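Peer 1: Below is the file run.txt, which contains compact mmCIF, C-alpha atoms.
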# COMPACT_ATOMS: atom_id res chain seq x y z
CA MET A 1 69.16 96.92 80.86
CA THR A 2 70.39 96.22 84.37
CA ASP A 3 73.53 94.54 85.69
CA LEU A 4 73.22 92.32 88.77
CA SER A 5 76.28 91.20 90.70
CA LYS A 6 76.14 87.43 91.15
CA GLU A 7 79.18 86.89 93.38
CA GLY A 8 81.26 88.38 96.18
CA ASP A 9 80.76 91.37 98.45
CA THR A 10 78.35 93.11 96.07
CA LEU A 11 76.16 90.03 95.58
CA GLY A 12 72.62 91.11 94.70
CA PHE A 13 73.48 94.74 93.95
CA SER A 14 71.87 96.10 90.79
CA ALA A 15 72.98 98.96 88.55
CA LYS A 16 71.72 100.40 85.29
CA ILE A 17 73.76 100.30 82.11
CA PRO A 18 74.00 103.93 80.89
CA ASN A 19 71.95 104.93 77.88
CA ASP A 20 74.78 106.17 75.67
CA ASP A 21 76.63 105.22 72.50
CA PHE A 22 79.20 103.00 74.20
CA THR A 23 79.29 99.22 74.07
CA TYR A 24 79.89 97.49 77.40
CA LEU A 25 81.35 94.11 78.24
CA HIS A 26 80.68 92.30 81.51
CA ASN A 27 82.48 89.37 83.06
CA GLN A 28 81.10 86.07 84.30
CA ARG A 29 80.36 87.39 87.79
CA ILE A 30 77.87 89.95 86.49
CA GLY A 31 74.43 88.96 85.25
CA LEU A 32 72.85 91.04 82.49
CA VAL A 33 69.10 91.43 82.93
CA LYS A 34 67.08 92.75 80.01
CA PHE A 35 63.55 93.76 80.97
CA ILE A 36 60.81 93.03 78.47
CA CYS A 37 57.77 94.53 80.17
CA ASN A 38 54.19 95.07 79.14
CA PRO A 39 54.01 98.90 79.31
CA ASP A 40 50.26 98.69 80.07
CA ASN A 41 50.82 97.34 83.57
CA ILE A 42 54.59 97.25 84.35
CA CYS A 43 57.03 100.16 84.73
CA LYS A 44 60.55 99.01 83.88
CA ASP A 45 62.18 101.57 86.18
CA PHE A 46 60.02 100.36 89.07
CA ILE A 47 61.39 96.83 88.57
CA TYR A 48 64.91 98.24 88.67
CA TRP A 49 64.24 99.91 92.02
CA LEU A 50 62.60 96.75 93.29
CA MET A 51 65.87 94.95 92.55
CA ARG A 52 67.69 97.68 94.51
CA SER A 53 65.48 97.11 97.56
CA ARG A 54 66.75 95.45 100.71
CA ASN A 55 64.07 92.74 100.43
CA TYR A 56 65.34 91.66 97.02
CA GLN A 57 69.01 91.80 97.99
CA GLN A 58 68.36 89.81 101.16
CA PHE A 59 66.47 87.25 99.08
CA ILE A 60 69.44 86.85 96.73
CA VAL A 61 72.06 86.77 99.49
CA GLY A 62 70.00 84.49 101.73
CA ALA A 63 69.61 81.85 99.05
CA ALA A 64 73.20 82.11 97.76
CA THR A 65 75.49 79.10 97.80
CA GLY A 66 79.24 78.60 98.04
CA THR A 67 81.82 78.73 100.82
CA SER A 68 84.77 80.94 99.87
CA VAL A 69 82.77 83.07 97.38
CA ARG A 70 78.99 82.99 97.68
CA HIS A 71 77.05 83.17 94.42
CA THR A 72 73.58 82.92 92.93
CA SER A 73 72.10 81.82 89.60
CA PRO A 74 69.84 83.25 86.86
CA THR A 75 67.06 80.86 87.91
CA LEU A 76 67.11 82.20 91.47
CA ILE A 77 67.29 85.80 90.29
CA LYS A 78 64.06 85.31 88.32
CA SER A 79 62.22 83.39 91.06
CA PHE A 80 61.63 86.38 93.36
CA THR A 81 57.91 87.06 93.89
CA PHE A 82 56.39 90.35 95.01
CA ASN A 83 53.21 92.39 95.17
CA ILE A 84 52.99 95.03 92.49
CA PRO A 85 50.99 98.27 92.77
CA PRO A 86 49.01 99.92 89.95
CA LEU A 87 51.02 101.29 87.03
CA LYS A 88 50.58 104.95 88.05
CA THR A 89 51.93 104.16 91.52
CA GLN A 90 54.88 102.27 90.03
CA GLU A 91 55.73 105.23 87.83
CA LYS A 92 55.48 107.69 90.72
CA ILE A 93 57.75 105.57 92.94
CA ALA A 94 60.32 105.18 90.15
CA GLN A 95 60.19 108.92 89.39
CA ILE A 96 60.80 109.91 93.04
CA LEU A 97 63.71 107.50 93.53
CA SER A 98 65.27 108.26 90.14
CA SER A 99 65.19 112.00 90.87
CA PHE A 100 67.61 111.38 93.75
CA ASP A 101 70.02 109.50 91.49
CA ASP A 102 69.80 112.23 88.85
CA LYS A 103 70.78 114.87 91.42
CA ILE A 104 73.57 112.66 92.83
CA ASP A 105 74.93 112.06 89.32
CA LEU A 106 74.89 115.81 88.61
CA LEU A 107 76.84 116.54 91.80
CA HIS A 108 79.41 113.87 90.95
CA LYS A 109 79.88 115.47 87.52
CA GLN A 110 80.23 118.92 89.10
CA ASN A 111 82.91 117.63 91.47
CA LYS A 112 84.79 115.99 88.62
CA THR A 113 84.74 119.29 86.71
CA LEU A 114 85.82 121.27 89.79
CA GLU A 115 88.67 118.84 90.50
CA THR A 116 89.87 119.07 86.89
CA LEU A 117 89.70 122.87 86.97
CA ALA A 118 91.62 123.07 90.25
CA GLN A 119 94.32 120.70 89.00
CA THR A 120 94.68 122.70 85.78
CA LEU A 121 95.09 125.93 87.76
CA PHE A 122 97.62 124.30 90.08
CA ARG A 123 99.73 123.01 87.20
CA HIS A 124 99.65 126.43 85.54
CA HIS A 125 100.83 128.31 88.62
CA PHE A 126 103.09 125.79 90.37
CA ILE A 127 104.47 123.55 87.60
CA GLU A 128 104.52 125.52 84.36
CA ASN A 129 105.16 129.03 85.73
CA VAL A 130 107.38 128.55 88.77
CA LYS A 131 109.05 131.72 90.05
CA GLU A 132 112.81 131.69 90.52
CA SER A 133 112.42 133.07 94.04
CA TRP A 134 110.37 130.08 95.20
CA GLU A 135 112.00 127.41 97.36
CA GLU A 136 112.30 123.77 96.42
CA LYS A 137 111.25 121.39 99.17
CA ALA A 138 110.57 117.67 99.43
CA LEU A 139 107.02 116.42 99.62
CA SER A 140 107.88 115.00 103.05
CA GLU A 141 108.77 118.56 104.18
CA ILE A 142 105.49 120.20 103.24
CA ALA A 143 103.24 117.48 104.71
CA ASP A 144 103.15 114.79 107.38
CA PHE A 145 102.48 111.23 106.22
CA LEU A 146 100.99 109.11 109.02
CA ASN A 147 100.88 105.39 108.27
CA GLY A 148 97.84 103.51 109.52
CA LEU A 149 97.57 100.79 112.14
CA ALA A 150 97.58 97.03 111.87
CA CYS A 151 93.92 97.19 112.83
CA GLN A 152 93.58 93.48 113.49
CA LYS A 153 95.55 94.18 116.68
CA PHE A 154 92.78 96.52 117.88
CA PRO A 155 89.55 94.47 117.70
CA PRO A 156 86.31 96.02 118.99
CA LYS A 157 85.68 95.53 122.69
CA ASP A 158 81.91 95.75 122.21
CA ASP A 159 79.29 96.72 119.61
CA ILE A 160 79.21 100.36 120.68
CA ASN A 161 82.83 101.50 120.96
CA LYS A 162 83.90 100.54 117.46
CA LEU A 163 84.58 102.14 114.07
CA PRO A 164 84.84 100.71 110.54
CA VAL A 165 88.35 100.15 109.19
CA LEU A 166 89.43 102.15 106.15
CA LYS A 167 91.52 99.92 103.89
CA ILE A 168 92.50 100.33 100.24
CA LYS A 169 89.36 98.46 99.18
CA GLU A 170 87.11 100.80 101.15
CA LEU A 171 88.97 103.84 99.83
CA LYS A 172 88.20 102.67 96.29
CA GLU A 173 84.72 101.23 96.68
CA GLY A 174 83.28 102.41 99.99
CA PHE A 175 82.30 100.38 103.03
CA SER A 176 80.34 97.14 102.77
CA THR A 177 79.02 94.42 105.06
CA SER A 178 82.38 92.64 104.74
CA SER A 179 84.40 95.65 105.96
CA ASP A 180 86.35 95.14 109.18
CA TRP A 181 85.81 96.93 112.49
CA ALA A 182 88.28 98.17 115.08
CA SER A 183 88.07 99.59 118.57
CA SER A 184 87.43 103.34 118.76
CA ASP A 185 89.63 103.42 121.87
CA ILE A 186 92.81 104.28 119.97
CA ASN A 187 95.04 107.30 119.44
CA SER A 188 92.84 110.01 117.89
CA GLU A 189 95.36 110.72 115.11
CA TYR A 190 94.42 107.38 113.52
CA ILE A 191 90.73 108.25 113.40
CA ILE A 192 89.81 109.55 109.95
CA LYS A 193 87.14 112.18 109.42
CA SER A 194 85.42 113.46 106.31
CA ALA A 195 87.61 115.69 104.09
CA ASP A 196 90.90 114.15 105.29
CA VAL A 197 93.51 113.52 102.58
CA ILE A 198 94.34 109.81 102.23
CA PHE A 199 97.27 108.39 100.25
CA ALA A 200 97.37 104.66 99.44
CA TRP A 201 101.10 103.92 99.15
CA SER A 202 100.92 100.17 98.52
CA ALA A 203 99.21 97.93 95.93
CA SER A 204 96.71 100.32 94.26
CA LEU A 205 98.42 103.68 94.69
CA MET A 206 96.01 106.63 94.84
CA VAL A 207 95.44 109.99 96.50
CA LYS A 208 91.91 110.91 97.53
CA ILE A 209 90.08 113.37 99.70
CA TYR A 210 88.02 111.04 101.84
CA TYR A 211 84.35 111.98 102.18
CA GLY A 212 82.62 109.58 104.51
CA LYS A 213 81.88 108.52 108.03
CA LYS A 214 84.40 108.44 110.85
CA CYS A 215 86.70 105.41 110.59
CA VAL A 216 90.08 103.96 111.57
CA LEU A 217 93.11 104.26 109.30
CA ASN A 218 94.59 100.90 108.33
CA GLN A 219 98.20 100.20 107.42
CA HIS A 220 99.24 100.79 103.77
CA LEU A 221 97.39 104.13 103.92
CA PHE A 222 98.81 107.51 104.86
CA ARG A 223 96.77 110.29 106.39
CA VAL A 224 98.34 113.38 104.84
CA SER A 225 98.22 116.63 106.80
CA SER A 226 100.26 119.74 107.50
CA LYS A 227 100.49 122.41 110.18
CA LEU A 228 102.36 124.76 107.83
CA TYR A 229 100.68 124.51 104.42
CA PRO A 230 97.04 124.54 103.22
CA LYS A 231 95.30 121.31 102.26
CA TRP A 232 94.94 122.20 98.59
CA PHE A 233 98.68 122.78 98.34
CA TYR A 234 99.94 119.42 99.67
CA TYR A 235 97.03 117.53 98.11
CA PHE A 236 97.83 118.70 94.57
CA TRP A 237 101.54 118.06 95.04
CA CYS A 238 100.68 114.49 96.06
CA VAL A 239 98.49 114.17 92.97
CA TYR A 240 101.23 115.62 90.77
CA HIS A 241 103.81 113.06 91.96
CA LEU A 242 101.37 110.12 91.94
CA GLN A 243 102.26 108.81 88.47
CA GLU A 244 105.93 108.89 89.40
CA PHE A 245 105.16 106.92 92.57
CA ILE A 246 103.12 104.38 90.60
CA SER A 247 106.09 103.84 88.26
CA ILE A 248 108.43 103.39 91.24
CA ALA A 249 106.08 100.86 92.84
CA SER A 250 105.71 98.92 89.58
CA ALA A 251 109.48 98.80 89.02
CA HIS A 252 110.28 96.92 92.21
CA ALA A 253 107.00 95.10 92.75
CA THR A 254 107.20 91.50 93.88
CA THR A 255 103.92 90.52 95.46
CA MET A 256 102.64 94.02 96.20
CA GLY A 257 104.22 97.17 94.75
CA HIS A 258 104.76 100.09 97.10
CA ILE A 259 106.79 103.23 97.68
CA LYS A 260 109.12 104.06 100.57
CA ARG A 261 109.57 107.11 102.76
CA GLN A 262 112.67 107.95 100.75
CA ASP A 263 110.50 108.38 97.66
CA LEU A 264 108.58 111.11 99.50
CA ASP A 265 111.93 112.74 100.34
CA ASN A 266 112.94 112.67 96.67
CA ALA A 267 109.69 114.19 95.34
CA MET A 268 110.40 117.90 95.02
CA CYS A 269 107.85 120.72 95.22
CA ALA A 270 107.99 124.43 94.37
CA VAL A 271 107.05 126.40 97.48
CA PRO A 272 106.24 130.15 97.35
CA ASP A 273 106.43 132.51 100.31
CA SER A 274 103.58 132.62 102.81
CA LYS A 275 102.13 135.83 101.38
CA THR A 276 101.83 134.31 97.89
CA LEU A 277 100.28 131.14 99.33
CA LYS A 278 97.61 133.20 101.08
CA GLU A 279 96.84 134.93 97.79
CA PHE A 280 96.32 131.55 96.15
CA ASP A 281 94.01 130.57 99.02
CA CYS A 282 91.48 132.93 97.46
CA VAL A 283 91.47 130.71 94.35
CA PHE A 284 91.69 127.19 95.77
CA VAL A 285 89.86 127.35 99.11
CA PRO A 286 86.46 128.17 97.50
CA LEU A 287 86.93 125.28 95.05
CA PHE A 288 87.71 122.88 97.89
CA SER A 289 84.75 124.17 99.91
CA LYS A 290 82.43 123.54 96.96
CA LEU A 291 83.84 120.02 96.51
CA GLU A 292 83.25 119.27 100.19
CA ASN A 293 79.74 120.74 100.22
CA ASN A 294 78.80 118.71 97.14
CA ALA A 295 80.19 115.55 98.75
CA LYS A 296 78.12 116.15 101.89
CA GLU A 297 75.01 116.76 99.80
CA ILE A 298 75.64 113.51 97.90
CA GLN A 299 75.81 111.63 101.21
CA ASN A 300 72.59 113.25 102.44
CA LEU A 301 70.76 112.48 99.19
CA GLU A 302 71.96 108.87 99.21
CA SER A 303 70.84 108.44 102.81
CA LEU A 304 67.40 109.96 102.14
CA ARG A 305 66.96 107.91 98.95
CA ASP A 306 67.79 104.69 100.81
CA ILE A 307 65.37 105.55 103.63
CA ILE A 308 62.56 106.16 101.14
CA LEU A 309 63.44 103.01 99.19
CA LYS A 310 63.31 100.96 102.39
CA LYS A 311 59.96 102.43 103.49
CA ILE A 312 58.33 101.89 100.10
CA LEU A 313 59.80 98.61 98.87
CA GLY A 314 61.36 97.13 102.01
In structure tokens, write the structure found in this file.

Peer 2:
Amino acid sequence: MTDLSKEGDTLGFSAKIPNDDFTYLHNQRIGLVKFICNPDNICKDFIYWLMRSRNYQQFIVGAATGTSVRHTSPTLIKSFTFNIPPLKTQEKIAQILSSFDDKIDLLHKQNKTLETLAQTLFRHHFIENVKESWEEKALSEIADFLNGLACQKFPPKDDINKLPVLKIKELKEGFSTSSDWASSDINSEYIIKSADVIFAWSASLMVKIYYGKKCVLNQHLFRVSSKLYPKWFYYFWCVYHLQEFISIASAHATTMGHIKRQDLDNAMCAVPDSKTLKEFDCVFVPLFSKLENNAKEIQNLESLRDIILKKILG
């Protein structure tokens, strides 16, 4: 089975429902498509990739209706016509494209495992087995928290000197055609690069290592950095305090819950001496390097898959 988004920014985007033992529910903005194909001349996986093609998505988006939220209908979804190659060719195309997704999925699982392992090690050494000789410092002391810009005040001057704007939505879901743009002619400290640590301090609070293209940091997001402490150290302390920050934001939320700078001052961290930190570098730096390398490989595989998909199916 395949899900097809019928409304909003992801209109026309298709995704497979996993083949596992779980039962899934979908809301009214998602269309469930069940393929019943004649296996003698139609490959079901080929049809899935056809629905992932730019031609199909442009067909759906181009014929969508609505003003505030554009949408399509089941009748339109089924009305798309296309030329279909022989069955063997369909199967070969589906196999090639699916092999990319299989590798991407494996890398995502590896990164999830590595992240869990690193967090477990951090908790063991810095939360559960703190040495009496270690200092206690505020989170705001071990890292710098740079709030983003009101990017609407920095519109692009042309179509060349511009960068996409990283907002909370993009941090969660990635960039889309509806993402905003800002001028690249701004202070370089607000330009985000791959592997920067980003902290969403308002609305949907989260801490993530950003892996993506160069972009501009929007307000309600912190770029977290430090000249004194390694990335793994301040990143995991941010992660450790995140649930506390979420509770604080929920407690005084009106229209949009958030934390304040004072909350960063009140979040305490156990800090060992520089020699001990360097010893822990031997444990955490290789894990972070593997996470980053996997993320880069995922981006490369996604880019190559999309190029092949475009060349084959449009």

Peer 1: Up to 12 Å from (64.1, 99.6, 99.9) in the file's coordinates: name the residues, counting all atoms listed in the file, as a ChimeraX atom specification.

Peer 2: /A:46-58,93-94,97,303-314

Peer 1: Find the residues around Ser274 of chain A up to 12 Å (all atoms listed in the file counted), leave out those fewer than 4 positions away in its own chain, and share them as a VMD selection string.

Peer 2: chain A and resid 134 to 135 228 to 230 233 278 to 281

Peer 1: Next, the residues of the selection above should be written as a PDB file, keeping the file's coordinate frame with C-alpha atoms.

Peer 2:
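See result14.pdb below for the written result:
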ATOM      1  CA  TRP A 134     110.370 130.080  95.200  1.00  0.00           C
ATOM      2  CA  GLU A 135     112.000 127.410  97.360  1.00  0.00           C
ATOM      3  CA  LEU A 228     102.360 124.760 107.830  1.00  0.00           C
ATOM      4  CA  TYR A 229     100.680 124.510 104.420  1.00  0.00           C
ATOM      5  CA  PRO A 230      97.040 124.540 103.220  1.00  0.00           C
ATOM      6  CA  PHE A 233      98.680 122.780  98.340  1.00  0.00           C
ATOM      7  CA  LYS A 278      97.610 133.200 101.080  1.00  0.00           C
ATOM      8  CA  GLU A 279      96.840 134.930  97.790  1.00  0.00           C
ATOM      9  CA  PHE A 280      96.320 131.550  96.150  1.00  0.00           C
ATOM     10  CA  ASP A 281      94.010 130.570  99.020  1.00  0.00           C
TER      11      ASP A 281
END

Peer 1: For each of A:Tyr210, A:Trp201, A:Phe82, A:Phe122, take the minimum atom-to-atom distance to Val283 of chain A, counting only C-alpha atoms, then give the residue where this is smallest.

Peer 2: A:Phe122

Peer 1: Taking a cut-off of 8 Å and counting all atoms listed in the file, can you build a table that, for each residue of segment 225-290 of chain A near segment 139-150 of chain A, reports the nearest atom pair and how far apart they are in Å (one decimal), sorted by chain then residue number, as CSV?

Peer 2:
residue,atom,partner,partner_atom,distance
A:Ser225,CA,A:Asp144,CA,5.3
A:Ser226,CA,A:Ala143,CA,4.7
A:Lys227,CA,A:Ala143,CA,7.9
A:Leu228,CA,A:Ile142,CA,7.2
A:Tyr229,CA,A:Ile142,CA,6.6
A:Tyr234,CA,A:Ala143,CA,6.3
A:Trp237,CA,A:Leu139,CA,7.3
A:Cys238,CA,A:Leu139,CA,7.5
A:Leu264,CA,A:Ser140,CA,5.3
A:Asp265,CA,A:Ser140,CA,5.4
A:Asn266,CA,A:Leu139,CA,7.6
A:Ala267,CA,A:Leu139,CA,5.5
A:Met268,CA,A:Leu139,CA,5.9
A:Cys269,CA,A:Leu139,CA,6.2

Peer 1: How many Å separate atom CA of Cys215 of chain A from atom CA of Ser179 of chain A?

Peer 2: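 It comes out at 11.0 Å.
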
Peer 1: Axis-aligned box over every listed atom of segment 182-197 of chain A, padded by 4 Å per side: centre and edges in Å to one decimal, as lines of an AutoDock Vina configuration file?

Peer 2:
center_x = 90.4
center_y = 106.9
center_z = 112.2
size_x = 17.9
size_y = 25.5
size_z = 27.3

Peer 1: Within 8 Å of Ile298 of chain A, counting only C-alpha atoms, which residues show up once you throw out same-chain ones fewer than 2 positions away? Write them as a VMD selection string, please.

Peer 2: chain A and resid 104 107 to 108 294 to 296 300 to 302

Peer 1: Between A:Gln110, A:Asn41, A:Gln299, A:Ser289, which is the closest to Lys88 of chain A once you count all atoms listed in the file?

Peer 2: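 Checking each of A:Gln110, A:Asn41, A:Gln299, A:Ser289 against Lys88 of chain A, counting all atoms listed in the file, the winner is A:Asn41.
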
Peer 1: Within 8 Å of Lys214 of chain A, counting all atoms listed in the file, which residues show up once you throw out same-chain ones fewer than 3 positions away? Write them as a list in words, please.

Peer 2: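 In the requested format, the answer is Leu163, Pro164, Ile191, Ile192, Lys193 and Ser194 of chain A.
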
Peer 1: What separation in Å, quoted to one decimal, exists between atom CA of Leu205 of chain A and atom CA of Lys167 of chain A?

Peer 2: 12.1 Å
